[in-house]
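These notes concern the structure reproduced below.
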Amino acid sequence: MTDLRAEAVPADSLSGTDRDAMFALMDVVYAGMVRERFEADLAAKDTCITLRTPDGELAGFSTQTSLSITVDEVTIDGVFSGDTVIAPAHWGSPALMRCFAGQFIAGEHPLRYWFLISKGHRTYRMLTTFFADFFPRRDQPTPPQARSIMDAYATALYGTEYNPATGVLEYHQPKDRLRVGAADISERELRIPTIAFFNAANPGWSLGHDLVCLCELSEANVVPRMRSVLGLEAG
């Protein structure tokens with residue numbers, strides 16, 4: 001696996017060539033991609049983390065936007081991740097999460113929460129791999145305060161497509177979804193508790209449904225053995 005160079009850039013600074021490459025990469029992993037919807041998602045984002053190979057080829061990206069919501073008259077600040085993809089040849093690279101941590105955990109203006117939606121188990125496992133506390137999770141129920149925050153941001157962004165009873169975005173119209181073979185869950189993987197939980201919590205993942213997730217963004221919440229991986233180790 002080639003080392004990737006990650007960079008956080010303003011979303012509106014991306015060139016037409018970059019946008020073409022980003023859409024093409026999404027189309028490799030996701031079925032049902034629509035260019036207009038891709039462009040609309042990008043236009044609503046502040047930042048884009050790009051991943052490139054040493055020769056400059058785009059190998060992945062993730063779009064982000066700062067988001068503030070009000071829960072019980074308290075303002076909650078966080079970052080919401082939009083379209084995210086890494087070329088299959090580079091799955092397992094920590095470059096994206098290292099850049100994300102540098103930008104939103106250790107940066108000049110760290111944010112309190114990561115508002116994340118997970119269409120596939122690989123995205124969900126970014127939480128289980130790097131963070132100690134996150135929701136939903138298999139070993140404990142989601143606390144009421146966390147559930148209120150998740151309900152608030154999901155409703156603000158997706159309205160009635162969010163089902164608060166399941167904690168899942170159940171889209172009214174067909175949406176992009178993982179291509180068959182891109183992130184299938186095998187019988188062997190179903191024996192992994194984390195993946196089995198995701199499969200049960202988001203049974204419509206193959207249709208493109210998204211599991212609504214929440215994670216506190218703090219160095220203290222990063223799994224100790226992963227701090228150096230994310231560039232957060234302080235000695």
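All residue names refer to the structure tokens as shown: chains lettered A, B, ... in order, residues numbered from 1 in each chain, ligands numbered from 1 in order.
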
* Asked: Neighbours of stretch 199-214 of chain A within 8 Å (only C-alpha atoms; same-chain residues fewer than 2 positions away dropped), as a PyMOL selection string?
  -> chain A and resi 113-121+134-136+146+150+154+166-171+174-178+195-197+216

Between stretch 129-217 of chain A and stretch 67-70 of chain A, at 9 Å or less, what are the per-residue closest atom pairs and their distances in Å? Count only C-alpha atoms, order by chain and rising residue number, and return it as a tab-separated table.
```
residue	atom	partner	partner_atom	distance
A:Ile149	CA	A:Ile69	CA	8.0
A:Ala152	CA	A:Ile69	CA	6.9
A:Tyr153	CA	A:Ile69	CA	6.5
A:Ala156	CA	A:Ile69	CA	8.1
```

Where does stretch 44-105 of chain A meet stretch 179-188 of chain A within 12 Å, residue by residue, with the nearest atom pair and distance in Å to one decimal for each, counting only C-alpha atoms, listed by chain and rising number, as a Markdown table?
```
| residue | atom | partner | partner_atom | distance |
| --- | --- | --- | --- | --- |
| A:Val85 | CA | A:Ala182 | CA | 11.2 |
| A:Ile86 | CA | A:Ala182 | CA | 11.1 |
| A:Ala87 | CA | A:Ala182 | CA | 10.2 |
| A:Pro88 | CA | A:Ala182 | CA | 7.9 |
| A:Ala89 | CA | A:Ala182 | CA | 11.3 |
| A:Trp91 | CA | A:Ala183 | CA | 10.8 |
```

* **Best match for closeness to A:Gln173 among A:Asp12, A:Glu161, A:Glu189, A:Asp46, counting only C-alpha atoms** =>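 Ranking A:Asp12, A:Glu161, A:Glu189, A:Asp46 by distance to A:Gln173, first place goes to A:Glu161.
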
* Exercise: A:Asp20 partners within 12 Å, only C-alpha atoms, chain neighbours under 5 positions left out, as a ChimeraX atom specification -> /A:14-15,25-27,35,38-39,58

So that I have them on file, write out the residues from the current selection with N, CA, C and O atoms, as a JSON list (two decimals), in the first residue's frame.
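Saved as again-v7.json:
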```json
[["chain", "number", "residue", "atom", "x", "y", "z"],
["A", 14, "LEU", "N", -11.23, 23.62, -5.00],
["A", 14, "LEU", "CA", -10.97, 22.44, -5.82],
["A", 14, "LEU", "C", -11.19, 22.76, -7.30],
["A", 14, "LEU", "O", -12.17, 23.40, -7.68],
["A", 15, "SER", "N", -10.27, 22.30, -8.12],
["A", 15, "SER", "CA", -10.36, 22.56, -9.55],
["A", 15, "SER", "C", -11.39, 21.64, -10.21],
["A", 15, "SER", "O", -11.84, 20.65, -9.61],
["A", 25, "LEU", "N", -13.97, 8.60, -8.69],
["A", 25, "LEU", "CA", -13.60, 7.69, -7.61],
["A", 25, "LEU", "C", -14.84, 7.25, -6.83],
["A", 25, "LEU", "O", -14.96, 6.07, -6.46],
["A", 26, "MET", "N", -15.75, 8.17, -6.57],
["A", 26, "MET", "CA", -17.00, 7.80, -5.91],
["A", 26, "MET", "C", -17.75, 6.75, -6.73],
["A", 26, "MET", "O", -18.31, 5.79, -6.19],
["A", 27, "ASP", "N", -17.73, 6.92, -8.05],
["A", 27, "ASP", "CA", -18.47, 6.01, -8.93],
["A", 27, "ASP", "C", -17.87, 4.61, -8.95],
["A", 27, "ASP", "O", -18.55, 3.65, -9.28],
["A", 35, "ARG", "N", -24.17, 13.20, -10.65],
["A", 35, "ARG", "CA", -23.22, 14.31, -10.59],
["A", 35, "ARG", "C", -23.81, 15.53, -9.90],
["A", 35, "ARG", "O", -23.14, 16.20, -9.10],
["A", 38, "PHE", "N", -23.75, 15.05, -6.20],
["A", 38, "PHE", "CA", -22.36, 15.14, -5.73],
["A", 38, "PHE", "C", -21.93, 16.60, -5.62],
["A", 38, "PHE", "O", -21.33, 17.01, -4.62],
["A", 39, "GLU", "N", -22.24, 17.40, -6.64],
["A", 39, "GLU", "CA", -21.85, 18.80, -6.64],
["A", 39, "GLU", "C", -22.58, 19.57, -5.53],
["A", 39, "GLU", "O", -22.00, 20.46, -4.90],
["A", 58, "LEU", "N", -5.30, 11.32, -7.38],
["A", 58, "LEU", "CA", -6.27, 11.35, -6.30],
["A", 58, "LEU", "C", -6.61, 9.92, -5.89],
["A", 58, "LEU", "O", -7.00, 9.10, -6.71]]
```

* Asked: At what distance in Å, to one decimal, does atom CA of A:Glu57 lie from atom CA of A:Tyr124?
  ->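 Taking atom CA of A:Tyr124 as the start and atom CA of A:Glu57 as the end point, the length is 26.1 Å.
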
Can you build me a table of stretch 84-132 of chain A residues sitting at most 7 Å from stretch 228-231 of chain A, with the closest atom pair per residue and its distance in Å to one decimal, using only C-alpha atoms, sorted by chain and residue number, as a Markdown table?
```
| residue | atom | partner | partner_atom | distance |
| --- | --- | --- | --- | --- |
| A:Met97 | CA | A:Leu230 | CA | 6.6 |
| A:Arg98 | CA | A:Leu230 | CA | 4.2 |
| A:Ala101 | CA | A:Leu230 | CA | 6.3 |
```

Give me a file of those residues, with all heavy atoms, as a CSV table (one decimal), in the first residue's frame.
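The result, stored in again_26.csv:
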```csv
chain,number,residue,atom,x,y,z
A,97,MET,N,-7.6,9.8,8.5
A,97,MET,CA,-7.9,10.1,9.9
A,97,MET,C,-6.8,10.9,10.5
A,97,MET,O,-7.1,11.7,11.4
A,97,MET,CB,-8.1,8.7,10.6
A,97,MET,CG,-9.4,8.1,10.3
A,97,MET,SD,-10.8,9.1,10.7
A,97,MET,CE,-10.6,9.4,12.5
A,98,ARG,N,-5.5,10.7,10.1
A,98,ARG,CA,-4.4,11.5,10.6
A,98,ARG,C,-4.7,13.0,10.3
A,98,ARG,O,-4.5,13.9,11.2
A,98,ARG,CB,-3.1,11.1,10.1
A,98,ARG,CG,-1.9,11.8,10.8
A,98,ARG,CD,-0.6,11.3,10.1
A,98,ARG,NE,-0.4,9.9,10.2
A,98,ARG,CZ,-0.2,9.1,9.2
A,98,ARG,NH1,-0.2,9.6,8.0
A,98,ARG,NH2,0.0,7.8,9.4
A,101,ALA,N,-7.7,14.3,12.3
A,101,ALA,CA,-7.3,14.6,13.7
A,101,ALA,C,-6.5,15.9,13.8
A,101,ALA,O,-6.8,16.7,14.7
A,101,ALA,CB,-6.5,13.5,14.3
```

Neighbour list for stretch 219-223 of chain A as a compact mmCIF listing (two decimals) with N, CA and C atoms, in the first residue's frame, cut-off 7 Å, only C-alpha atoms, skip fewer than 3 positions in-chain:
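Listed below is the output, out-v9.txt:
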```txt
# COMPACT_ATOMS: atom_id res chain seq x y z
N ILE A 105 -9.16 17.92 15.81
CA ILE A 105 -8.90 17.60 17.22
C ILE A 105 -7.75 18.44 17.76
N PHE A 130 -10.44 4.06 16.35
CA PHE A 130 -9.66 5.19 16.83
C PHE A 130 -10.17 5.83 18.12
N PHE A 131 -11.43 5.59 18.48
CA PHE A 131 -12.01 6.31 19.61
C PHE A 131 -12.51 5.37 20.70
N ALA A 132 -12.41 5.84 21.94
CA ALA A 132 -12.83 5.04 23.08
C ALA A 132 -14.35 5.10 23.27
N ASP A 133 -14.92 6.29 23.14
CA ASP A 133 -16.35 6.48 23.33
C ASP A 133 -16.97 7.04 22.06
N GLU A 216 -17.20 12.20 20.43
CA GLU A 216 -16.57 13.39 20.99
C GLU A 216 -15.16 13.52 20.41
N MET A 226 -3.58 4.47 19.46
CA MET A 226 -3.81 5.10 18.16
C MET A 226 -3.37 6.56 18.12
N ARG A 227 -2.94 7.09 19.24
CA ARG A 227 -2.58 8.51 19.27
C ARG A 227 -1.38 8.81 18.38
```

* Please run DSSP on the backbone and report, as a PyMOL selection string, all residues within stretch 12-206 of chain A that come out as strand (DSSP E). => chain A and resi 30-31+47-52+58-71+74-86+113-118+134-135+162-163+168-169+177-178

* Which is closer to A:Gly60 than all the others in A:Asn163, A:Ser93, A:Ser218, A:Gln103, using only C-alpha atoms? -> A:Ser93

* Would you please extract all helix (DSSP H, G or I) residues from stretch 73-175 of chain A, as assigned by DSSP on the backbone, and give them as JSON, numbers by chain? => {"A": [88, 89, 90, 95, 96, 97, 98, 99, 100, 101, 102, 103, 104, 121, 122, 123, 124, 125, 126, 127, 128, 129, 130, 144, 145, 146, 147, 148, 149, 150, 151, 152, 153, 154, 155, 156, 157, 158, 159, 160, 161]}
